[in-house]
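Content type compact mmCIF, C-alpha atoms, from the file start00.txt:
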# COMPACT_ATOMS: atom_id res chain seq x y z
CA MET P 253 65.43 77.95 137.48
CA LEU P 254 68.47 80.07 138.40
CA ILE P 255 68.08 82.31 135.36
CA THR P 256 64.36 82.75 136.11
CA ALA P 257 65.11 83.63 139.74
CA TRP P 258 67.78 86.15 138.68
CA ARG P 259 65.41 87.73 136.18
CA GLY P 260 62.71 87.81 138.84
CA ILE P 261 64.93 89.83 141.17
CA LEU P 262 65.74 92.28 138.37
CA PHE P 263 62.04 92.53 137.50
CA LEU P 264 61.14 93.47 141.08
CA ARG P 265 63.87 96.10 141.18
CA TYR P 266 62.95 97.68 137.83
CA ARG P 267 61.39 101.15 137.68
CA PRO P 268 60.47 103.20 134.59
CA LEU P 269 62.78 106.07 133.69
CA PRO P 270 61.62 109.56 134.77
CA VAL P 271 60.07 111.98 132.29
CA CYS P 272 61.54 115.47 131.85
CA ALA P 273 59.82 118.84 131.44
CA ASP P 274 58.67 120.17 128.05
CA GLU P 275 61.61 122.55 127.66
CA ASN P 276 64.07 119.68 128.02
CA LEU P 277 62.37 117.25 125.65
CA PRO P 278 64.47 116.64 122.50
CA HIS P 279 63.25 117.08 118.95
CA CYS P 280 62.07 113.72 117.67
CA THR P 281 61.05 112.18 114.37
CA ILE P 282 58.51 109.34 114.27
CA VAL P 283 58.79 107.06 111.24
CA VAL P 284 55.78 104.91 110.34
CA PRO P 285 56.50 102.35 107.57
CA ALA P 286 53.30 101.03 105.98
CA TYR P 287 52.59 98.21 103.55
CA ASN P 288 49.04 97.15 102.58
CA GLU P 289 47.74 98.49 105.89
CA GLY P 290 44.56 100.11 104.60
CA SER P 291 42.58 102.37 106.93
CA GLN P 292 44.51 101.31 110.04
CA VAL P 293 47.43 103.55 109.08
CA LEU P 294 45.16 106.58 109.42
CA LEU P 295 44.24 105.58 112.98
CA THR P 296 47.92 105.09 113.78
CA LEU P 297 48.89 108.52 112.48
CA ARG P 298 46.01 110.17 114.32
CA SER P 299 47.10 108.59 117.61
CA LEU P 300 50.65 109.86 117.09
CA ALA P 301 49.45 113.37 116.24
CA ALA P 302 47.39 113.37 119.46
CA SER P 303 50.51 112.78 121.56
CA ASP P 304 51.13 114.99 124.56
CA TYR P 305 54.38 116.30 123.11
CA PRO P 306 55.36 119.83 122.03
CA SER P 307 54.23 120.07 118.41
CA ALA P 308 57.26 122.18 117.47
CA LYS P 309 59.51 119.31 118.56
CA LEU P 310 57.57 116.48 116.89
CA GLN P 311 57.90 115.37 113.26
CA ILE P 312 55.88 112.46 111.84
CA ILE P 313 56.91 110.70 108.61
CA ALA P 314 54.71 108.07 106.94
CA VAL P 315 56.35 105.85 104.33
CA ASP P 316 54.17 103.88 101.91
CA ASP P 317 56.33 100.90 100.95
CA GLY P 318 54.76 100.33 97.53
CA SER P 319 51.38 99.18 98.83
CA ALA P 320 49.01 97.45 96.41
CA ASP P 321 45.87 98.44 98.31
CA ASP P 322 44.47 101.84 99.41
CA THR P 323 47.13 102.55 102.05
CA TRP P 324 48.39 105.61 100.17
CA HIS P 325 44.83 106.99 100.05
CA TYR P 326 44.68 106.93 103.85
CA ILE P 327 48.19 108.37 104.24
CA ALA P 328 47.21 111.22 101.92
CA ALA P 329 44.02 111.72 103.95
CA ALA P 330 46.13 111.92 107.11
CA ALA P 331 48.42 114.49 105.43
CA ARG P 332 45.42 116.68 104.60
CA GLU P 333 44.05 116.29 108.11
CA LEU P 334 47.31 116.92 109.96
CA GLY P 335 48.76 119.52 107.60
CA GLY P 336 52.45 120.29 107.98
CA ARG P 337 52.79 117.95 110.97
CA LEU P 338 53.01 114.93 108.64
CA LYS P 339 55.60 114.31 105.94
CA THR P 340 54.87 111.55 103.42
CA ILE P 341 57.08 109.32 101.29
CA ARG P 342 55.78 106.91 98.64
CA PHE P 343 57.81 104.11 97.08
CA PRO P 344 56.81 103.14 93.51
CA LYS P 345 57.37 99.48 94.41
CA ASN P 346 57.70 97.35 97.52
CA LEU P 347 61.28 97.45 98.84
CA GLY P 348 60.78 96.11 102.36
CA LYS P 349 60.44 97.53 105.86
CA ARG P 350 64.16 98.15 106.29
CA HIS P 351 64.25 100.40 103.22
CA ALA P 352 61.13 102.25 104.39
CA LEU P 353 62.67 102.95 107.79
CA TYR P 354 65.94 104.00 106.19
CA ALA P 355 64.17 106.55 103.99
CA GLY P 356 62.34 107.96 106.99
CA PHE P 357 65.49 108.11 109.10
CA ARG P 358 67.39 109.93 106.36
CA GLN P 359 64.70 112.59 106.04
CA GLY P 360 64.13 112.93 109.77
CA ALA P 361 65.14 116.17 111.44
CA GLY P 362 64.95 114.98 115.04
CA THR P 363 67.82 114.14 117.35
CA ILE P 364 65.75 111.12 118.43
CA LEU P 365 64.30 108.70 115.87
CA VAL P 366 61.16 106.75 116.81
CA THR P 367 59.68 103.77 114.94
CA VAL P 368 56.00 102.85 115.17
CA ASP P 369 54.35 100.08 113.16
CA SER P 370 51.43 101.12 110.98
CA ASP P 371 49.07 98.68 112.70
CA SER P 372 49.64 100.19 116.15
CA ILE P 373 48.04 102.76 118.44
CA VAL P 374 49.91 104.76 121.09
CA GLU P 375 48.64 106.41 124.27
CA PRO P 376 48.88 110.23 124.53
CA GLN P 377 51.79 110.01 127.01
CA THR P 378 53.70 107.28 125.15
CA ILE P 379 56.08 109.38 123.04
CA ARG P 380 56.90 111.70 125.95
CA ARG P 381 57.72 108.75 128.21
CA LEU P 382 59.74 107.00 125.50
CA VAL P 383 61.82 109.97 124.36
CA GLY P 384 62.30 111.99 127.57
CA PRO P 385 65.05 109.82 129.13
CA PHE P 386 67.44 110.56 126.24
CA ALA P 387 67.65 114.16 127.48
CA VAL P 388 69.08 113.21 130.86
CA ASP P 389 71.47 110.38 130.04
CA ALA P 390 73.86 110.60 127.08
CA ARG P 391 74.78 106.93 127.49
CA ILE P 392 71.32 105.82 126.27
CA GLY P 393 71.42 104.78 122.62
CA ALA P 394 67.98 103.20 122.31
CA ILE P 395 64.80 102.58 124.30
CA ALA P 396 62.23 99.85 123.74
CA GLY P 397 58.55 100.57 124.27
CA ASN P 398 56.01 98.28 125.93
CA VAL P 399 53.89 96.31 123.46
CA ARG P 400 50.37 95.03 124.09
CA VAL P 401 47.81 93.41 121.82
CA LEU P 402 45.32 95.67 120.00
CA ASN P 403 42.97 93.15 118.38
CA HIS P 404 41.68 91.11 121.34
CA ALA P 405 38.31 90.68 119.63
CA ASP P 406 39.82 88.72 116.74
CA GLY P 407 39.92 85.38 118.58
CA ILE P 408 41.74 83.33 121.17
CA ILE P 409 45.22 83.66 119.63
CA PRO P 410 45.44 87.45 120.24
CA LYS P 411 44.08 86.93 123.77
CA MET P 412 46.76 84.31 124.52
CA LEU P 413 49.48 86.49 123.02
CA ASP P 414 48.58 89.37 125.31
CA VAL P 415 49.42 87.16 128.30
CA ILE P 416 52.71 86.12 126.71
CA PHE P 417 53.60 89.71 125.74
CA TYR P 418 53.45 90.69 129.40
CA LEU P 419 56.08 88.05 130.14
CA SER P 420 58.21 89.10 127.17
CA PHE P 421 58.16 92.83 127.93
CA ASP P 422 57.34 93.61 131.57
CA PHE P 423 59.36 90.65 132.85
CA ILE P 424 62.16 89.76 130.42
CA ARG P 425 62.86 93.21 128.93
CA ALA P 426 62.57 94.87 132.32
CA GLY P 427 65.29 92.53 133.57
CA GLN P 428 67.42 93.20 130.51
CA SER P 429 66.98 96.93 131.07
CA MET P 430 68.39 96.59 134.57
CA VAL P 431 71.66 95.39 133.02
CA LYS P 432 71.47 98.14 130.36
CA THR P 433 71.18 95.62 127.52
CA VAL P 434 67.72 95.11 126.06
CA MET P 435 68.47 92.70 123.23
CA CYS P 436 65.67 93.70 120.86
CA THR P 437 63.94 97.05 120.45
CA PRO P 438 60.58 96.13 118.85
CA GLY P 439 59.51 97.67 115.57
CA ALA P 440 56.08 98.41 117.05
CA LEU P 441 57.60 101.08 119.29
CA SER P 442 61.25 102.01 119.82
CA ALA P 443 63.40 105.11 119.96
CA TYR P 444 67.03 105.64 118.90
CA ARG P 445 69.53 108.43 119.39
CA ALA P 446 70.14 109.79 115.89
CA ASP P 447 73.88 110.04 116.53
CA ALA P 448 73.93 106.35 117.45
CA VAL P 449 72.38 105.18 114.19
CA GLU P 450 73.66 107.71 111.67
CA THR P 451 76.96 105.95 111.01
CA ILE P 452 75.52 102.42 111.02
CA LEU P 453 72.55 102.99 108.69
CA PRO P 454 74.36 102.01 105.44
CA ARG P 455 75.71 98.82 107.04
CA TRP P 456 72.30 98.06 108.55
CA LEU P 457 70.50 98.60 105.23
CA ASP P 458 72.89 96.35 103.30
CA GLN P 459 73.26 93.68 105.99
CA LYS P 460 73.72 90.17 104.63
CA PHE P 461 73.75 86.72 106.18
CA CYS P 462 74.98 83.62 104.37
CA GLY P 463 75.42 85.83 101.31
CA ARG P 464 71.75 86.87 101.21
CA PRO P 465 70.11 90.20 102.15
CA SER P 466 68.78 90.25 105.71
CA ASN P 467 65.20 91.27 104.97
CA ILE P 468 63.84 90.35 108.40
CA GLY P 469 64.82 91.17 111.98
CA GLU P 470 65.67 94.80 111.26
CA ASP P 471 64.79 95.72 114.86
CA ARG P 472 67.11 93.16 116.45
CA ALA P 473 69.87 94.05 113.96
CA ILE P 474 69.82 97.77 114.70
CA THR P 475 69.74 97.02 118.44
CA ASN P 476 72.93 94.96 118.09
CA MET P 477 74.65 97.73 116.17
CA VAL P 478 73.73 100.32 118.80
CA LEU P 479 74.93 98.07 121.61
CA GLN P 480 78.19 97.36 119.80
CA GLN P 481 79.05 101.07 119.98
CA GLY P 482 78.90 100.93 123.78
CA TYR P 483 75.51 102.57 124.28
CA HIS P 484 72.94 101.43 126.82
CA VAL P 485 69.67 100.02 125.48
CA LEU P 486 66.78 100.28 127.95
CA PHE P 487 63.08 99.45 128.34
CA GLN P 488 60.39 101.99 129.23
CA LYS P 489 57.52 100.10 130.84
CA ASP P 490 54.98 102.94 130.81
CA ALA P 491 55.50 103.85 127.13
CA MET P 492 52.60 101.78 125.82
CA VAL P 493 51.70 100.77 122.28
CA TYR P 494 48.88 98.48 121.19
CA THR P 495 49.58 96.51 118.03
CA ALA P 496 47.65 94.07 115.87
CA VAL P 497 48.88 90.46 116.02
CA PRO P 498 48.02 87.42 113.86
CA ALA P 499 44.64 85.88 114.60
CA HIS P 500 45.15 82.71 112.55
CA TYR P 501 47.55 79.81 112.99
CA ARG P 502 49.36 80.10 109.68
CA ASN P 503 50.10 83.82 110.06
CA LEU P 504 51.21 83.24 113.64
CA CYS P 505 53.66 80.58 112.47
CA MET P 506 55.09 82.92 109.87
CA MET P 507 55.56 85.69 112.43
CA PHE P 508 57.25 83.40 114.94
CA LEU P 509 59.40 81.88 112.19
CA ARG P 510 60.66 85.34 111.17
CA TRP P 511 61.41 86.15 114.78
CA ALA P 512 63.15 82.83 115.39
CA ARG P 513 65.34 83.08 112.29
CA SER P 514 66.40 86.63 113.08
CA ASN P 515 67.05 85.62 116.69
CA VAL P 516 69.47 82.92 115.55
CA ARG P 517 71.24 85.29 113.18
CA GLU P 518 71.51 88.21 115.58
CA SER P 519 72.48 86.09 118.59
CA LEU P 520 75.44 84.90 116.55
CA MET P 521 76.20 88.47 115.55
CA MET P 522 76.00 89.69 119.14
CA ALA P 523 78.36 86.92 120.25
CA GLN P 524 81.04 88.46 118.04
CA PHE P 525 81.30 91.53 120.30
CA ALA P 526 79.48 90.80 123.58
CA PHE P 527 82.30 88.68 125.01
CA ARG P 528 84.80 91.45 124.34
CA ARG P 529 84.95 94.84 126.09
CA PHE P 530 82.29 96.66 124.08
CA ARG P 531 81.55 99.32 126.74
CA PRO P 532 83.29 100.73 129.82
CA ASP P 533 80.72 99.70 132.45
CA SER P 534 79.40 96.27 133.50
CA MET P 535 78.80 93.70 130.78
CA LEU P 536 78.10 90.64 132.95
CA GLY P 537 74.32 90.80 132.72
CA ALA P 538 74.44 91.18 128.95
CA ARG P 539 76.72 88.16 128.67
CA ILE P 540 74.53 86.01 130.93
CA ASN P 541 71.42 86.76 128.85
CA LEU P 542 73.24 86.11 125.59
CA ALA P 543 74.83 82.90 126.84
CA TYR P 544 71.41 81.65 127.93
CA ASP P 545 69.92 82.48 124.51
CA LEU P 546 72.77 80.66 122.75
CA LEU P 547 72.26 77.67 125.03
CA CYS P 548 68.56 77.63 124.13
CA LEU P 549 69.42 77.66 120.41
CA VAL P 550 71.64 74.62 120.82
CA ARG P 551 69.29 72.89 123.23
CA SER P 552 66.05 73.19 121.24
CA PRO P 553 66.73 70.51 118.58
CA PHE P 554 67.90 68.01 121.20
CA LEU P 555 64.87 68.66 123.38
CA MET P 556 62.42 68.22 120.54
CA LEU P 557 63.98 65.04 119.16
CA SER P 558 64.50 63.50 122.60
CA THR P 559 60.91 64.32 123.56
CA LEU P 560 59.57 62.49 120.53
CA ALA P 561 61.82 59.52 121.22
CA LEU P 562 60.83 59.31 124.88
CA LEU P 563 57.14 59.58 124.03
CA ALA P 564 57.46 56.73 121.57
CA TRP P 565 59.30 54.62 124.15
CA GLN P 566 57.26 55.30 127.30
CA PRO P 567 54.16 57.37 126.39
CA VAL P 568 52.50 57.05 129.81
CA LEU P 569 55.50 58.02 131.94
CA PHE P 570 57.01 60.71 129.76
CA GLY P 571 53.64 61.98 128.53
CA SER P 572 52.68 62.71 132.12
CA MET P 573 56.02 64.38 132.78
CA ILE P 574 55.65 66.57 129.69
CA LEU P 575 52.15 67.65 130.66
CA PHE P 576 53.40 68.56 134.12
CA GLY P 577 56.38 70.41 132.65
CA VAL P 578 54.13 72.47 130.38
CA LEU P 579 51.99 73.41 133.37
CA VAL P 580 54.99 74.43 135.45
CA SER P 581 56.66 76.46 132.70
CA SER P 582 53.38 78.23 131.86
CA SER P 583 52.82 79.17 135.48
CA VAL P 584 55.33 82.03 135.29
CA SER P 585 53.37 83.94 132.64
CA VAL P 586 50.04 83.06 134.29
CA ALA P 587 51.16 84.26 137.72
CA LEU P 588 52.67 87.49 136.40
CA TYR P 589 49.59 88.39 134.33
CA ALA P 590 47.21 87.55 137.19
CA TRP P 591 49.32 89.60 139.62
CA LYS P 592 49.26 92.61 137.28
CA TYR P 593 45.66 92.57 136.00
CA ARG P 594 43.77 90.49 138.61
CA THR P 595 41.81 88.66 135.93
CA GLY P 596 41.00 85.07 135.07
CA LYS P 597 42.27 85.75 131.54
CA ALA P 598 45.67 84.89 132.95
CA LEU P 599 44.68 81.20 132.69
CA LEU P 600 45.03 81.57 128.93
CA GLY P 601 48.74 81.29 129.62
CA TYR P 602 48.19 77.61 130.34
CA VAL P 603 46.24 77.23 127.09
CA TYR P 604 49.08 78.90 125.24
CA GLY P 605 51.61 76.56 126.88
CA PHE P 606 49.90 73.49 125.44
CA PHE P 607 49.23 75.28 122.16
CA TRP P 608 52.95 76.04 121.88
CA PHE P 609 53.95 72.47 122.67
CA PHE P 610 51.59 70.79 120.22
CA ALA P 611 51.45 73.36 117.41
CA LEU P 612 54.44 75.73 117.59
CA SER P 613 57.37 73.94 119.23
CA TRP P 614 58.69 72.90 115.82
CA ILE P 615 59.55 76.52 114.94
CA PRO P 616 62.90 76.93 116.80
CA LEU P 617 64.28 73.75 115.22
CA TYR P 618 63.02 74.63 111.74
CA ALA P 619 64.33 78.19 112.10
CA LEU P 620 67.73 76.86 113.10
CA VAL P 621 68.09 74.73 109.96
CA THR P 622 66.64 77.40 107.64
CA VAL P 623 68.25 80.46 109.21
CA HIS P 624 69.80 81.43 105.85
CA ARG P 625 66.35 82.28 104.51
CA SER P 626 65.05 85.78 105.14
CA GLY P 627 61.76 86.04 103.27
CA TRP P 628 58.96 87.99 104.95
CA LEU P 629 56.64 85.00 104.23
CA THR P 630 53.35 86.81 104.87
CA ARG P 631 53.77 89.78 102.52
CA GLU P 632 52.22 89.80 99.08
CA PRO P 633 54.09 91.72 96.35
CA ALA P 634 52.44 94.74 94.86
CA THR P 635 51.34 94.62 91.24
CA GLY P 636 54.33 95.29 89.03
CA ALA P 637 56.71 95.28 91.97
CA GLN P 638 59.65 93.03 92.43
CA PRO P 639 58.58 89.91 94.31
CA THR P 640 59.56 89.54 97.92
CA PRO P 641 62.29 86.94 98.54
CA TYR P 642 61.48 83.24 98.14
CA PRO P 643 57.84 83.34 96.94
CA ARG P 644 58.42 79.84 95.56
CA ASP P 645 58.65 78.58 99.13
CA LYS P 646 54.97 79.12 99.88
CA LYS P 647 53.92 75.66 98.74
CA LYS P 648 56.84 74.12 100.62
CA VAL P 649 55.87 76.01 103.75
CA ARG P 650 52.28 74.79 103.50
CA MET P 651 53.48 71.24 103.03
CA ARG P 652 55.81 71.46 106.04
CA LEU P 653 53.07 72.98 108.15
CA THR P 654 50.83 70.07 107.20
CA ILE P 655 53.54 67.61 108.24
CA VAL P 656 53.99 69.41 111.54
CA ARG P 657 50.26 69.40 112.20
CA LEU P 658 50.16 65.65 111.55
CA LEU P 659 53.10 65.20 113.91
CA ALA P 660 51.29 67.23 116.56
CA PHE P 661 48.19 65.09 116.04
CA PHE P 662 50.11 61.86 116.57
CA ILE P 663 51.71 63.26 119.74
CA ALA P 664 48.28 64.28 121.01
CA PHE P 665 46.90 60.85 120.08
CA ALA P 666 49.67 59.17 122.08
CA LEU P 667 49.00 61.36 125.09
CA TYR P 668 45.27 60.73 124.85
CA HIS P 669 45.86 57.01 125.14
CA LEU P 670 48.02 57.20 128.24
CA ASP P 671 46.07 54.40 129.82
CA ALA P 672 46.80 52.05 126.94

Is it possible to express this structure as structure tokens?
Amino acid sequence: MLITAWRGILFLRYRPLPVCADENLPHCTIVVPAYNEGSQVLLTLRSLAASDYPSAKLQIIAVDDGSADDTWHYIAAAARELGGRLKTIRFPKNLGKRHALYAGFRQGAGTILVTVDSDSIVEPQTIRRLVGPFAVDARIGAIAGNVRVLNHADGIIPKMLDVIFYLSFDFIRAGQSMVKTVMCTPGALSAYRADAVETILPRWLDQKFCGRPSNIGEDRAITNMVLQQGYHVLFQKDAMVYTAVPAHYRNLCMMFLRWARSNVRESLMMAQFAFRRFRPDSMLGARINLAYDLLCLVRSPFLMLSTLALLAWQPVLFGSMILFGVLVSSSVSVALYAWKYRTGKALLGYVYGFFWFFALSWIPLYALVTVHRSGWLTREPATGAQPTPYPRDKKKVRMRLTIVRLLAFFIAFALYHLDA
């Protein structure tokens, strides 16, 4: 409760950074990595080209990461439509998002490098609001944009995630921004000072963990490396991007599993420098947030195992307590979303709370014991391309998901029979 109260105070004090005039805006390069994105990449590139930003200071680079579908067709169509405003790069085989970003960064001419996912749409003012603050504060090394859900019409999962994204960005990242240490700049929309990433790019590209290439969590990794140099990493609330999220349970699990594994890895990496003097100004807020994250990593397996044991011992008593706990913990996201948008859709936060408990709460524990794996999990290799890491794990993943679903069913069955 103390950490939530502290974050709440920071949230209330947060204000977006001011935007500067056209003549002061820096030159920026937007890199859009794309893999099997189809026609959506064209919509993404059009939205970027429509940005309210001086065209002479804006470069857009689209990188086709060896797609097996018609993604390159739509990138080429965008190049014809946008003319010299768009530079294109095409990989002969799938190398991964980190390699695609690296190629775009290396060919970028801007002093600010922006990343936008190929399944995302930006508002006309987004790039201006995201990039402008770099011109007035040399201590800023990176800025995270504000992510919302694009595909609401695809089902209840995207609708629930939109409520949770408000908590993750407007609440948590706003608080982190107040202590100058946003811990993850999202791939969907982020900006980096070119000078801050130029020297770390080779190390970032070749990053390894447990002797294996780190093919996931490239956004959290680059954020750590920028922070380690002493730069501030901030959040710009009014720099909006709308991105497509998974609409089906299996894909949602794979996304959260990637995030959870990279969170474990990068929290450990951040701990190697965050408790030393890594910048001249205050580091207390950064250390509090990191310490809390590390505590959650250690706490999650004990909570899950103890919950199962207590349910088996006293299903009525502890089942009731768990239901009440889910309601209380979900109330934060529900209240924040309702306060912002004044809509009954905020109640989906409660639905998500129970959905997380019964269907997703296994992910932190599983990520902790499989953190050495870094396969993308949801990507399919292009024809003739090198396979993405660990394709042999797909059957194992399906089997484990089945086991988890059965476990969730038995927990639900026990709660249903509370009067037994």

Do a neighbour search on Gly348 (chain P) at 8 Å with all atoms listed in the file, toss out local chain neighbours closer than 4 positions, and write the hits as a PyMOL selection string.
-> chain P and resi 317+352+467

P:Tyr544, P:Tyr494, P:Phe461, P:Tyr305: which is nearest Ser372 (chain P), counting all atoms listed in the file?
-> P:Tyr494

Name the residues in contact with Val399 (chain P) at a cut-off of 12 Å, using all atoms listed in the file, excluding same-chain residues fewer than 3 positions from it; report them as number ranges by chain.
-> P: 368-369, 372-375, 378, 396, 402, 413-422, 425, 437-442, 487-497

Surrounding residues of Ile574 (chain P) excluding itself and chain neighbours under 3 positions, 10 Å, all atoms listed in the file, as a PyMOL selection string | chain P and resi 559+563+567+569-571+577-580+606+609+667

Atoms to include: C-alpha atoms. Write the selected residues as a PDB file, in the coordinates of the input.
ATOM      1  CA  THR P 559      60.910  64.320 123.560  1.00  0.00           C
ATOM      2  CA  LEU P 563      57.140  59.580 124.030  1.00  0.00           C
ATOM      3  CA  PRO P 567      54.160  57.370 126.390  1.00  0.00           C
ATOM      4  CA  LEU P 569      55.500  58.020 131.940  1.00  0.00           C
ATOM      5  CA  PHE P 570      57.010  60.710 129.760  1.00  0.00           C
ATOM      6  CA  GLY P 571      53.640  61.980 128.530  1.00  0.00           C
ATOM      7  CA  GLY P 577      56.380  70.410 132.650  1.00  0.00           C
ATOM      8  CA  VAL P 578      54.130  72.470 130.380  1.00  0.00           C
ATOM      9  CA  LEU P 579      51.990  73.410 133.370  1.00  0.00           C
ATOM     10  CA  VAL P 580      54.990  74.430 135.450  1.00  0.00           C
ATOM     11  CA  PHE P 606      49.900  73.490 125.440  1.00  0.00           C
ATOM     12  CA  PHE P 609      53.950  72.470 122.670  1.00  0.00           C
ATOM     13  CA  LEU P 667      49.000  61.360 125.090  1.00  0.00           C
TER      14      LEU P 667
END

Go ahead and compute the interatomic distance for CA of Trp258 (chain P) and CA of Ile424 (chain P), in Å to one decimal.
-> 10.6 Å

Smallest atom-to-atom distance to Gly290 (chain P): which of P:Val516, P:Val449, P:Ala619, P:Ala329, using all atoms listed in the file?
->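 Under the stated criterion, the closest residue is P:Ala329.
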
Counting all atoms listed in the file, select every polymer residue within 10 Å of (69.6, 113.2, 126.3) as defined in the file's coordinates, and provide the selection as an MDAnalysis selection string.
-> chainID P and resid 276:278 363:364 383:393 445

Which is closest to Pro454 (chain P) among P:Leu310, P:Leu382, P:Glu333, P:His351, if we use only C-alpha atoms?
-> P:His351

Grab the CA of Tyr501 (chain P) to CA of Val603 (chain P) distance for me, in Å with one decimal place.
->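 Straight-line distance from CA of Tyr501 (chain P) to CA of Val603 (chain P) works out to 14.4 Å.
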
So how far away is CA of Ala538 (chain P) from CA of Cys272 (chain P), in Å?
-> 27.7 Å

Which is closest to Pro306 (chain P) among P:Arg337, P:Arg502, P:Arg510, P:Arg265, if we use all atoms listed in the file?
-> P:Arg337

Long-range neighbours of Met477 (chain P) as number ranges by chain, 9 Å cut-off, all atoms listed in the file, 6 positions minimum in chain | P: 448-449, 452, 456, 522

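Nearest to Ala394 (chain P) of all the residues P:Asp322, P:Asp447, P:Glu289, P:Asp406 is P:Asp447, counting only C-alpha atoms.
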
Show which residues sit within 12 Å of Leu520 (chain P), as an MDAnalysis selection string. Count all atoms listed in the file, and ignore same-chain residues fewer than 3 positions away.
-> chainID P and resid 461 472:473 476 513:517 523:527 542:543 545:547 549:550 620 623

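Among the candidates P:Leu334, P:Ile282, P:Leu297, P:Ile474, the one nearest to Gln459 (chain P) when counting all atoms listed in the file is P:Ile474.
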